[in-house]
$ cat input19.cif   # mmCIF, C-alpha atoms and all ligand atoms
data_work
loop_
_atom_site.group_PDB
_atom_site.id
_atom_site.type_symbol
_atom_site.label_atom_id
_atom_site.label_comp_id
_atom_site.auth_asym_id
_atom_site.auth_seq_id
_atom_site.Cartn_x
_atom_site.Cartn_y
_atom_site.Cartn_z
ATOM 1 C CA MET A 228 9.430 -1.697 2.753
ATOM 2 C CA THR A 229 6.724 -1.921 5.367
ATOM 3 C CA ILE A 230 3.081 -0.940 5.665
ATOM 4 C CA GLN A 231 2.457 1.150 8.773
ATOM 5 C CA PHE A 232 -0.802 1.785 10.589
ATOM 6 C CA THR A 233 -2.165 1.942 14.105
ATOM 7 C CA LEU A 234 -4.077 -0.898 15.691
ATOM 8 C CA ASN A 235 -5.932 0.115 18.854
ATOM 9 C CA ASN A 236 -3.668 3.188 19.091
ATOM 10 C CA LYS A 237 -0.460 1.155 18.876
ATOM 11 C CA ALA A 238 1.877 1.589 15.906
ATOM 12 C CA VAL A 239 2.118 -1.511 13.722
ATOM 13 C CA SER A 240 4.611 -2.170 10.976
ATOM 14 C CA VAL A 241 3.895 -5.017 8.582
ATOM 15 C CA SER A 242 6.149 -6.460 5.891
ATOM 16 C CA GLU A 243 4.950 -5.891 2.326
ATOM 17 C CA GLU A 244 5.005 -9.658 1.926
ATOM 18 C CA LEU A 245 1.718 -9.622 3.821
ATOM 19 C CA ALA A 246 0.169 -6.938 1.570
ATOM 20 C CA ASP A 247 -2.445 -9.372 0.245
ATOM 21 C CA MET A 248 -3.527 -10.634 3.652
ATOM 22 C CA PRO A 249 -7.045 -9.581 4.738
ATOM 23 C CA LEU A 250 -6.951 -7.426 7.884
ATOM 24 C CA LEU A 251 -9.173 -9.961 9.693
ATOM 25 C CA TRP A 252 -6.467 -12.619 9.352
ATOM 26 C CA PHE A 253 -3.813 -10.216 10.609
ATOM 27 C CA ILE A 254 -5.925 -9.132 13.605
ATOM 28 C CA ARG A 255 -6.673 -12.688 14.721
ATOM 29 C CA GLU A 256 -3.561 -14.626 13.743
ATOM 30 C CA ASN A 257 -0.729 -12.092 13.864
ATOM 31 C CA ALA A 258 -1.959 -9.614 16.486
ATOM 32 C CA GLY A 259 -3.704 -12.310 18.574
ATOM 33 C CA LEU A 260 -6.897 -10.274 19.020
ATOM 34 C CA LYS A 261 -9.687 -12.841 18.920
ATOM 35 C CA GLY A 262 -12.692 -10.586 19.581
ATOM 36 C CA THR A 263 -13.154 -9.897 15.870
ATOM 37 C CA LYS A 264 -14.831 -12.958 14.367
ATOM 38 C CA PHE A 265 -14.669 -14.814 11.076
ATOM 39 C CA GLY A 266 -18.181 -15.488 9.806
ATOM 40 C CA CYS A 267 -18.611 -15.615 6.038
ATOM 41 C CA GLY A 268 -15.297 -14.203 4.780
ATOM 42 C CA ILE A 269 -17.096 -12.467 1.878
ATOM 43 C CA GLY A 270 -18.352 -9.218 3.413
ATOM 44 C CA GLN A 271 -21.887 -10.402 4.090
ATOM 45 C CA CYS A 272 -22.324 -11.116 7.804
ATOM 46 C CA GLY A 273 -20.454 -8.297 9.598
ATOM 47 C CA ALA A 274 -18.946 -10.564 12.296
ATOM 48 C CA CYS A 275 -15.522 -9.150 11.356
ATOM 49 C CA THR A 276 -16.490 -5.453 11.674
ATOM 50 C CA VAL A 277 -13.766 -3.076 12.903
ATOM 51 C CA HIS A 278 -13.322 0.687 12.599
ATOM 52 C CA PHE A 279 -11.174 1.849 9.688
ATOM 53 C CA ASN A 280 -10.493 5.560 10.290
ATOM 54 C CA GLY A 281 -13.638 5.582 12.443
ATOM 55 C CA GLU A 282 -15.918 3.888 9.885
ATOM 56 C CA ALA A 283 -17.453 0.457 10.463
ATOM 57 C CA THR A 284 -15.643 -1.757 7.957
ATOM 58 C CA ARG A 285 -15.641 -5.485 7.211
ATOM 59 C CA SER A 286 -12.105 -6.533 7.881
ATOM 60 C CA CYS A 287 -12.372 -9.748 5.838
ATOM 61 C CA LEU A 288 -12.489 -7.572 2.697
ATOM 62 C CA LEU A 289 -9.801 -5.055 3.653
ATOM 63 C CA LYS A 290 -6.294 -6.006 2.572
ATOM 64 C CA ILE A 291 -3.201 -4.925 4.487
ATOM 65 C CA GLU A 292 -1.941 -3.107 1.362
ATOM 66 C CA HIS A 293 -4.686 -0.481 1.851
ATOM 67 C CA LEU A 294 -3.801 0.315 5.458
ATOM 68 C CA ASN A 295 -0.796 2.623 5.233
ATOM 69 C CA GLY A 296 -1.454 5.514 7.673
ATOM 70 C CA ALA A 297 -4.836 4.107 8.733
ATOM 71 C CA GLN A 298 -6.261 3.941 12.233
ATOM 72 C CA ILE A 299 -7.815 0.585 12.993
ATOM 73 C CA THR A 300 -9.857 -0.074 16.116
ATOM 74 C CA THR A 301 -11.116 -3.500 17.134
ATOM 75 C CA ILE A 302 -13.538 -4.422 19.906
ATOM 76 C CA GLU A 303 -10.528 -4.703 22.244
ATOM 77 C CA GLY A 304 -9.699 -1.029 21.637
ATOM 78 C CA LEU A 305 -13.207 0.437 21.801
ATOM 79 C CA ALA A 306 -13.298 1.123 25.542
ATOM 80 C CA ASN A 307 -11.177 3.694 27.313
ATOM 81 C CA THR A 308 -8.621 1.893 29.456
ATOM 82 C CA ASP A 309 -10.902 1.458 32.469
ATOM 83 C CA THR A 310 -14.303 2.679 31.243
ATOM 84 C CA LEU A 311 -16.514 0.756 28.869
ATOM 85 C CA HIS A 312 -17.829 2.499 25.779
ATOM 86 C CA PRO A 313 -21.493 3.564 26.270
ATOM 87 C CA VAL A 314 -22.494 1.066 23.567
ATOM 88 C CA GLN A 315 -20.843 -1.743 25.543
ATOM 89 C CA GLU A 316 -22.579 -0.577 28.736
ATOM 90 C CA ALA A 317 -25.944 -0.478 26.960
ATOM 91 C CA TRP A 318 -25.352 -3.958 25.495
ATOM 92 C CA MET A 319 -24.756 -5.329 28.992
ATOM 93 C CA GLN A 320 -27.732 -3.488 30.481
ATOM 94 C CA VAL A 321 -30.121 -4.762 27.800
ATOM 95 C CA ASP A 322 -28.438 -8.192 27.885
ATOM 96 C CA VAL A 323 -28.285 -8.283 24.095
ATOM 97 C CA PRO A 324 -26.116 -11.335 23.295
ATOM 98 C CA GLN A 325 -27.425 -14.828 22.879
ATOM 99 C CA CYS A 326 -24.581 -17.056 21.609
ATOM 100 C CA GLY A 327 -22.463 -13.874 21.315
ATOM 101 C CA TYR A 328 -20.702 -14.758 18.065
ATOM 102 C CA CYS A 329 -21.885 -11.733 16.074
ATOM 103 C CA GLN A 330 -21.859 -9.255 18.940
ATOM 104 C CA ALA A 331 -18.396 -7.692 18.665
ATOM 105 C CA GLY A 332 -19.222 -6.799 15.067
ATOM 106 C CA GLN A 333 -22.670 -5.503 16.064
ATOM 107 C CA ILE A 334 -21.156 -3.308 18.802
ATOM 108 C CA MET A 335 -18.524 -1.880 16.439
ATOM 109 C CA ALA A 336 -21.219 -1.117 13.850
ATOM 110 C CA ALA A 337 -23.438 0.543 16.484
ATOM 111 C CA ALA A 338 -20.556 2.624 17.877
ATOM 112 C CA SER A 339 -19.731 3.947 14.420
ATOM 113 C CA LEU A 340 -23.407 4.715 13.750
ATOM 114 C CA LEU A 341 -23.648 6.796 16.949
ATOM 115 C CA GLN A 342 -20.384 8.546 16.169
ATOM 116 C CA LYS A 343 -21.889 9.819 12.914
ATOM 117 C CA ASN A 344 -25.477 10.158 14.084
ATOM 118 C CA PRO A 345 -25.939 10.550 17.854
ATOM 119 C CA ASN A 346 -29.720 10.216 17.684
ATOM 120 C CA PRO A 347 -30.601 7.641 15.024
ATOM 121 C CA ASP A 348 -34.224 6.853 14.215
ATOM 122 C CA GLU A 349 -35.517 3.417 13.229
ATOM 123 C CA SER A 350 -34.746 3.898 9.576
ATOM 124 C CA ASP A 351 -31.185 5.125 10.300
ATOM 125 C CA ILE A 352 -30.653 1.966 12.352
ATOM 126 C CA ASP A 353 -32.101 -0.224 9.573
ATOM 127 C CA THR A 354 -29.837 1.379 6.977
ATOM 128 C CA HIS A 355 -26.655 1.162 9.030
ATOM 129 C CA MET A 356 -27.020 -2.070 11.002
ATOM 130 C CA THR A 357 -26.680 -4.683 8.265
ATOM 131 C CA ASN A 358 -24.802 -7.196 10.432
ATOM 132 C CA ILE A 359 -26.417 -10.615 10.601
ATOM 133 C CA CYS A 360 -27.325 -12.298 13.892
ATOM 134 C CA ARG A 361 -28.215 -15.959 13.497
ATOM 135 C CA CYS A 362 -29.756 -15.921 17.000
ATOM 136 C CA GLY A 363 -32.118 -13.066 16.062
ATOM 137 C CA THR A 364 -31.197 -10.531 18.747
ATOM 138 C CA TYR A 365 -32.258 -7.632 16.512
ATOM 139 C CA THR A 366 -34.946 -6.262 18.859
ATOM 140 C CA ARG A 367 -32.503 -6.057 21.777
ATOM 141 C CA ILE A 368 -29.806 -4.550 19.524
ATOM 142 C CA ARG A 369 -32.229 -1.769 18.565
ATOM 143 C CA LYS A 370 -33.155 -1.165 22.211
ATOM 144 C CA ALA A 371 -29.471 -1.038 23.220
ATOM 145 C CA ILE A 372 -28.650 1.457 20.448
ATOM 146 C CA HIS A 373 -31.357 3.835 21.744
ATOM 147 C CA LEU A 374 -30.085 3.372 25.304
ATOM 148 C CA ALA A 375 -26.491 4.047 24.202
ATOM 149 C CA ALA A 376 -27.664 7.197 22.381
ATOM 150 C CA ASP A 377 -29.235 8.412 25.673
ATOM 151 C CA LYS A 378 -26.027 7.598 27.558
ATOM 152 C CA LEU A 379 -23.891 9.489 25.034
ATOM 153 C CA ALA A 380 -26.240 12.502 25.161
ATOM 154 C CA LYS A 381 -25.971 12.567 28.988
ATOM 155 C CA GLN A 382 -22.181 12.177 28.797
ATOM 156 C CA ASN A 383 -21.921 15.093 26.323
ATOM 157 C CA PHE A 384 -24.239 17.221 28.505
ATOM 158 C CA GLU A 385 -22.036 16.587 31.576
ATOM 159 C CA LEU A 386 -18.898 17.419 29.553
ATOM 160 C CA ALA A 387 -20.474 20.671 28.304
ATOM 161 C CA LYS A 388 -21.360 21.605 31.911
ATOM 162 C CA GLU A 389 -17.756 20.982 33.025
ATOM 163 C CA VAL A 390 -16.385 23.162 30.224
ATOM 164 C CA SER A 391 -18.795 26.099 30.802
HETATM 165 S S1 LIG B 1 -16.574 -12.420 8.004
HETATM 166 FE FE1 LIG B 1 -16.437 -10.439 7.184
HETATM 167 S S2 LIG B 1 -18.455 -9.937 6.648
HETATM 168 FE FE2 LIG B 1 -18.584 -12.004 7.304
HETATM 169 S S1 LIG B 2 -25.982 -13.606 19.280
HETATM 170 FE FE1 LIG B 2 -25.682 -15.462 18.238
HETATM 171 S S2 LIG B 2 -25.227 -14.854 16.223
HETATM 172 FE FE2 LIG B 2 -25.821 -13.044 17.195
#
$ encode --input "input19.cif" --output "structure tokens"
Amino acid sequence: MTIQFTLNNKAVSVSEELADMPLLWFIRENAGLKGTKFGCGIGQCGACTVHFNGEATRSCLLKIEHLNGAQITTIEGLANTDTLHPVQEAWMQVDVPQCGYCQAGQIMAAASLLQKNPNPDESDIDTHMTNICRCGTYTRIRKAIHLAADKLAKQNFELAKEVS
């Protein structure tokens, strides 16, 4: 028997022998995707954040046995093939990262926030963005989230114009 899911839109089939393995281990060691980071390993820091069926999820706590039929997206799968995600563009524009270690997780958390709430206020950001940054880039993260929200709004406006 195997456990089947998609990882960055590619079908993955994993032996049940690995059912107990945390997804973070699988992503880094088996799939060779090193953008998702190990920080605390106990669900506290958010460095390992990926999207599990579109929701920001800490992959160090998610075991392979719970993934049958799931869609998993890592930082490597966030962009369209040749276009960065608006959150990634905003991160670059604001120059958010310092050491960079936490940033893939921060970007995945921000992208899932904007997916659910395209115009978050300060308290929405506080509630959703619980990832830890030891370098203290929180002010720039907040600025980049607002910039990404503007970019997404413009993108949606252009799409609506094309359709009408
Ligand atoms: S490594 Fe998963 S939350 Fe810290
Ligand atoms: S940029 Fe260094 S931990 Fe966040």
$ residues_near_ligand --input "input19.cif" --ligand "ligand LIG 2 (chain B)" --cutoff "10 Å" --atoms "all atoms listed in the file" --output "NGL selection string"
:A and (266 or 272 or 274 or 323-333 or 358-365 or 368)
$ atom_distance --input "input19.cif" --atom1 "CA of Asn236 (chain A)" --atom2 "CA of Lys388 (chain A)"
28.6 Å
$ resolve_selection --input "input19.cif" --expression "the PyMOL selection byres (((not hetatm)) within 6 of (chain B and resi 1))" --output "list in words"
Phe265, Gly266, Cys267, Gly268, Ile269, Gly270, Gln271, Cys272, Gly273, Ala274, Cys275, Arg285, Ser286 and Cys287 of chain A
$ residues_around --input "input19.cif" --residues "Lys370 (chain A)" --least-positions-apart "4" --cutoff "12 Å" --atoms "all atoms listed in the file" --output "list in words"
Val314, Ala317, Trp318, Met319, Gln320, Val321, Asp322, Val323, Ala337, Pro347, Asp348, Glu349, Ile352, Thr364, Tyr365, Thr366, Leu374, Ala375, Ala376 and Asp377 of chain A
$ closest_residue --input "input19.cif" --among "A:Lys261, A:Arg255, A:Lys237, A:Lys343" --to "Gly281 (chain A)" --atoms "all atoms listed in the file"
A:Lys343
$ resolve_selection --input "input19.cif" --expression "the PyMOL selection byres (((chain A and resi 248) around 12) and not hetatm)" --output "PyMOL selection string"
chain A and resi 230+241-247+249-257+286-294
$ atom_distance --input "input19.cif" --atom1 "CA of Gly296 (chain A)" --atom2 "CA of Thr354 (chain A)"
28.7 Å
$ atom_distance --input "input19.cif" --atom1 "CA of Phe232 (chain A)" --atom2 "CA of Ala258 (chain A)"
12.9 Å
$ closest_residue --input "input19.cif" --among "A:Ser240, A:Asn295, A:Asn383, A:Thr301" --to "Ala283 (chain A)" --atoms "only C-alpha atoms"
A:Thr301
$ closest_residue --input "input19.cif" --among "A:His355, A:Glu316, A:Pro345, A:Asn235" --to "Ile302 (chain A)" --atoms "all atoms listed in the file"
A:Asn235
$ closest_residue --input "input19.cif" --among "A:Gln298, A:Asn344, A:Thr284, A:Thr263" --to "Val239 (chain A)" --atoms "only C-alpha atoms"
A:Gln298
$ axis_aligned_box --input "input19.cif" --around "region 307-317 of chain A" --padding-each-side "3 Å" --output "AutoDock Vina command-line options"
--center_x -17.3 --center_y 1.0 --center_z 28.0 --size_x 23.3 --size_y 11.4 --size_z 14.9
